[in-house]
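Asker: Dumping the structure here so I can ask a few things about it.
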Amino acid sequence: MKAHYAFTVQKNQKNLHRQLAASPWQKASARLYDRTDAHRRLAACVVQNLTTTDLGVAFPHAVQVTRTVSQSSRPAA
């Protein structure tokens, strides 16, 4: 049986957060960049995905890790 589970790693999970932050995100094989304009705000979102092979992530049975970074701002009037 194979299961899929996603969870958020926050800074209070110090060791796992440190391991993921040190991952080679510039080598991400899968990237998505989205920029939208809604409700008088500009929003940009970048999603990066890495496989855990040779990353040294000490989380059993993990296959992929994903990082999502989003920013929003109001344009100058």
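By order in the structure tokens, chains are A, B, ...; within a chain, residues start at 1; ligands start at 1, following the order shown.
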Could you list, as a list in words, every residue within 9 Å of Val57 (chain A), counting only C-alpha atoms and ignoring same-chain residues fewer than 5 positions away?
Answerer: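 In the requested format, the answer is Leu16, Gln19, Leu20, Ser23, Thr52 and Ala62 of chain A.
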Asker: Taking the DSSP secondary structure from the backbone, can you list the residues of chain A that are alpha helix (DSSP H), as a list of chain:residue names?
Answerer: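 Everything in chain A that counts as alpha helix (DSSP H) is A:Lys14, A:Asn15, A:Leu16, A:His17, A:Arg18, A:Gln19, A:Leu20, A:Ala21.
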Asker: Selected residues, all heavy atoms, written as a PDB file, in the first residue's frame, please.
Answerer:
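Printed below is out.pdb as written:
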```pdb
ATOM      1  N   LYS A  14      13.266  22.316  14.389  1.00  0.00           N
ATOM      2  CA  LYS A  14      14.577  22.874  14.075  1.00  0.00           C
ATOM      3  C   LYS A  14      15.431  22.013  13.154  1.00  0.00           C
ATOM      4  O   LYS A  14      15.957  22.491  12.154  1.00  0.00           O
ATOM      5  CB  LYS A  14      15.338  23.163  15.358  1.00  0.00           C
ATOM      6  CG  LYS A  14      14.782  24.330  16.141  1.00  0.00           C
ATOM      7  CD  LYS A  14      15.622  24.566  17.376  1.00  0.00           C
ATOM      8  CE  LYS A  14      15.260  25.768  18.168  1.00  0.00           C
ATOM      9  NZ  LYS A  14      13.966  26.081  18.484  1.00  0.00           N
ATOM     10  N   ASN A  15      15.614  20.743  13.463  1.00  0.00           N
ATOM     11  CA  ASN A  15      16.502  19.900  12.660  1.00  0.00           C
ATOM     12  C   ASN A  15      15.990  19.695  11.240  1.00  0.00           C
ATOM     13  O   ASN A  15      16.741  19.844  10.273  1.00  0.00           O
ATOM     14  CB  ASN A  15      16.733  18.542  13.335  1.00  0.00           C
ATOM     15  CG  ASN A  15      17.550  18.675  14.599  1.00  0.00           C
ATOM     16  OD1 ASN A  15      18.349  19.599  14.735  1.00  0.00           O
ATOM     17  ND2 ASN A  15      17.342  17.759  15.529  1.00  0.00           N
ATOM     18  N   LEU A  16      14.723  19.356  11.106  1.00  0.00           N
ATOM     19  CA  LEU A  16      14.152  19.127   9.783  1.00  0.00           C
ATOM     20  C   LEU A  16      14.109  20.427   8.980  1.00  0.00           C
ATOM     21  O   LEU A  16      14.429  20.444   7.794  1.00  0.00           O
ATOM     22  CB  LEU A  16      12.761  18.506   9.902  1.00  0.00           C
ATOM     23  CG  LEU A  16      12.108  18.055   8.606  1.00  0.00           C
ATOM     24  CD1 LEU A  16      13.006  17.096   7.835  1.00  0.00           C
ATOM     25  CD2 LEU A  16      10.768  17.400   8.902  1.00  0.00           C
ATOM     26  N   HIS A  17      13.758  21.532   9.622  1.00  0.00           N
ATOM     27  CA  HIS A  17      13.738  22.826   8.934  1.00  0.00           C
ATOM     28  C   HIS A  17      15.134  23.192   8.439  1.00  0.00           C
ATOM     29  O   HIS A  17      15.307  23.666   7.316  1.00  0.00           O
ATOM     30  CB  HIS A  17      13.189  23.906   9.861  1.00  0.00           C
ATOM     31  CG  HIS A  17      13.000  25.225   9.185  1.00  0.00           C
ATOM     32  ND1 HIS A  17      13.997  26.154   9.098  1.00  0.00           N
ATOM     33  CD2 HIS A  17      11.930  25.749   8.538  1.00  0.00           C
ATOM     34  CE1 HIS A  17      13.557  27.198   8.446  1.00  0.00           C
ATOM     35  NE2 HIS A  17      12.299  26.984   8.090  1.00  0.00           N
ATOM     36  N   ARG A  18      16.139  22.966   9.257  1.00  0.00           N
ATOM     37  CA  ARG A  18      17.526  23.271   8.879  1.00  0.00           C
ATOM     38  C   ARG A  18      17.970  22.410   7.694  1.00  0.00           C
ATOM     39  O   ARG A  18      18.616  22.898   6.762  1.00  0.00           O
ATOM     40  CB  ARG A  18      18.454  23.034  10.074  1.00  0.00           C
ATOM     41  CG  ARG A  18      19.857  23.559   9.878  1.00  0.00           C
ATOM     42  CD  ARG A  18      20.733  23.371  11.107  1.00  0.00           C
ATOM     43  NE  ARG A  18      20.120  23.909  12.315  1.00  0.00           N
ATOM     44  CZ  ARG A  18      19.813  23.183  13.398  1.00  0.00           C
ATOM     45  NH1 ARG A  18      20.077  21.887  13.433  1.00  0.00           N
ATOM     46  NH2 ARG A  18      19.254  23.742  14.451  1.00  0.00           N
ATOM     47  N   GLN A  19      17.611  21.135   7.708  1.00  0.00           N
ATOM     48  CA  GLN A  19      17.978  20.231   6.609  1.00  0.00           C
ATOM     49  C   GLN A  19      17.333  20.679   5.302  1.00  0.00           C
ATOM     50  O   GLN A  19      17.980  20.700   4.253  1.00  0.00           O
ATOM     51  CB  GLN A  19      17.539  18.803   6.915  1.00  0.00           C
ATOM     52  CG  GLN A  19      18.336  18.150   8.004  1.00  0.00           C
ATOM     53  CD  GLN A  19      17.746  16.801   8.377  1.00  0.00           C
ATOM     54  OE1 GLN A  19      16.865  16.282   7.695  1.00  0.00           O
ATOM     55  NE2 GLN A  19      18.224  16.223   9.471  1.00  0.00           N
ATOM     56  N   LEU A  20      16.064  21.041   5.356  1.00  0.00           N
ATOM     57  CA  LEU A  20      15.360  21.441   4.142  1.00  0.00           C
ATOM     58  C   LEU A  20      15.835  22.805   3.645  1.00  0.00           C
ATOM     59  O   LEU A  20      15.927  23.028   2.438  1.00  0.00           O
ATOM     60  CB  LEU A  20      13.855  21.439   4.378  1.00  0.00           C
ATOM     61  CG  LEU A  20      13.248  20.065   4.651  1.00  0.00           C
ATOM     62  CD1 LEU A  20      11.771  20.190   4.957  1.00  0.00           C
ATOM     63  CD2 LEU A  20      13.495  19.115   3.504  1.00  0.00           C
ATOM     64  N   ALA A  21      16.144  23.720   4.548  1.00  0.00           N
ATOM     65  CA  ALA A  21      16.637  25.033   4.146  1.00  0.00           C
ATOM     66  C   ALA A  21      17.990  24.927   3.451  1.00  0.00           C
ATOM     67  O   ALA A  21      18.309  25.728   2.570  1.00  0.00           O
ATOM     68  CB  ALA A  21      16.729  25.956   5.352  1.00  0.00           C
TER      69      ALA A  21
END
```
Asker: Smallest atom-to-atom distance to Thr68 (chain A): which of A:Pro24, A:Ser29, A:Thr8, A:Arg35, using only C-alpha atoms?
Answerer: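 The shortest atom-to-atom distance to Thr68 (chain A) comes from A:Thr8.
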Asker: What's around Pro75 (chain A) at 12 Å? Count only C-alpha atoms, leave out sequence neighbours fewer than 4 positions away in its own chain, and write the answer as a ChimeraX atom specification.
Answerer: /A:37-43
Asker: What separation in Å, quoted to one decimal, exists between CA of Ala22 (chain A) and CA of Val65 (chain A)?
Answerer: 12.2 Å
Asker: Would you please work out which residue, of A:Asp54, A:His61, A:Ser73, A:Gln26, is nearest to Lys2 (chain A) when using only C-alpha atoms?
Answerer: A:His61
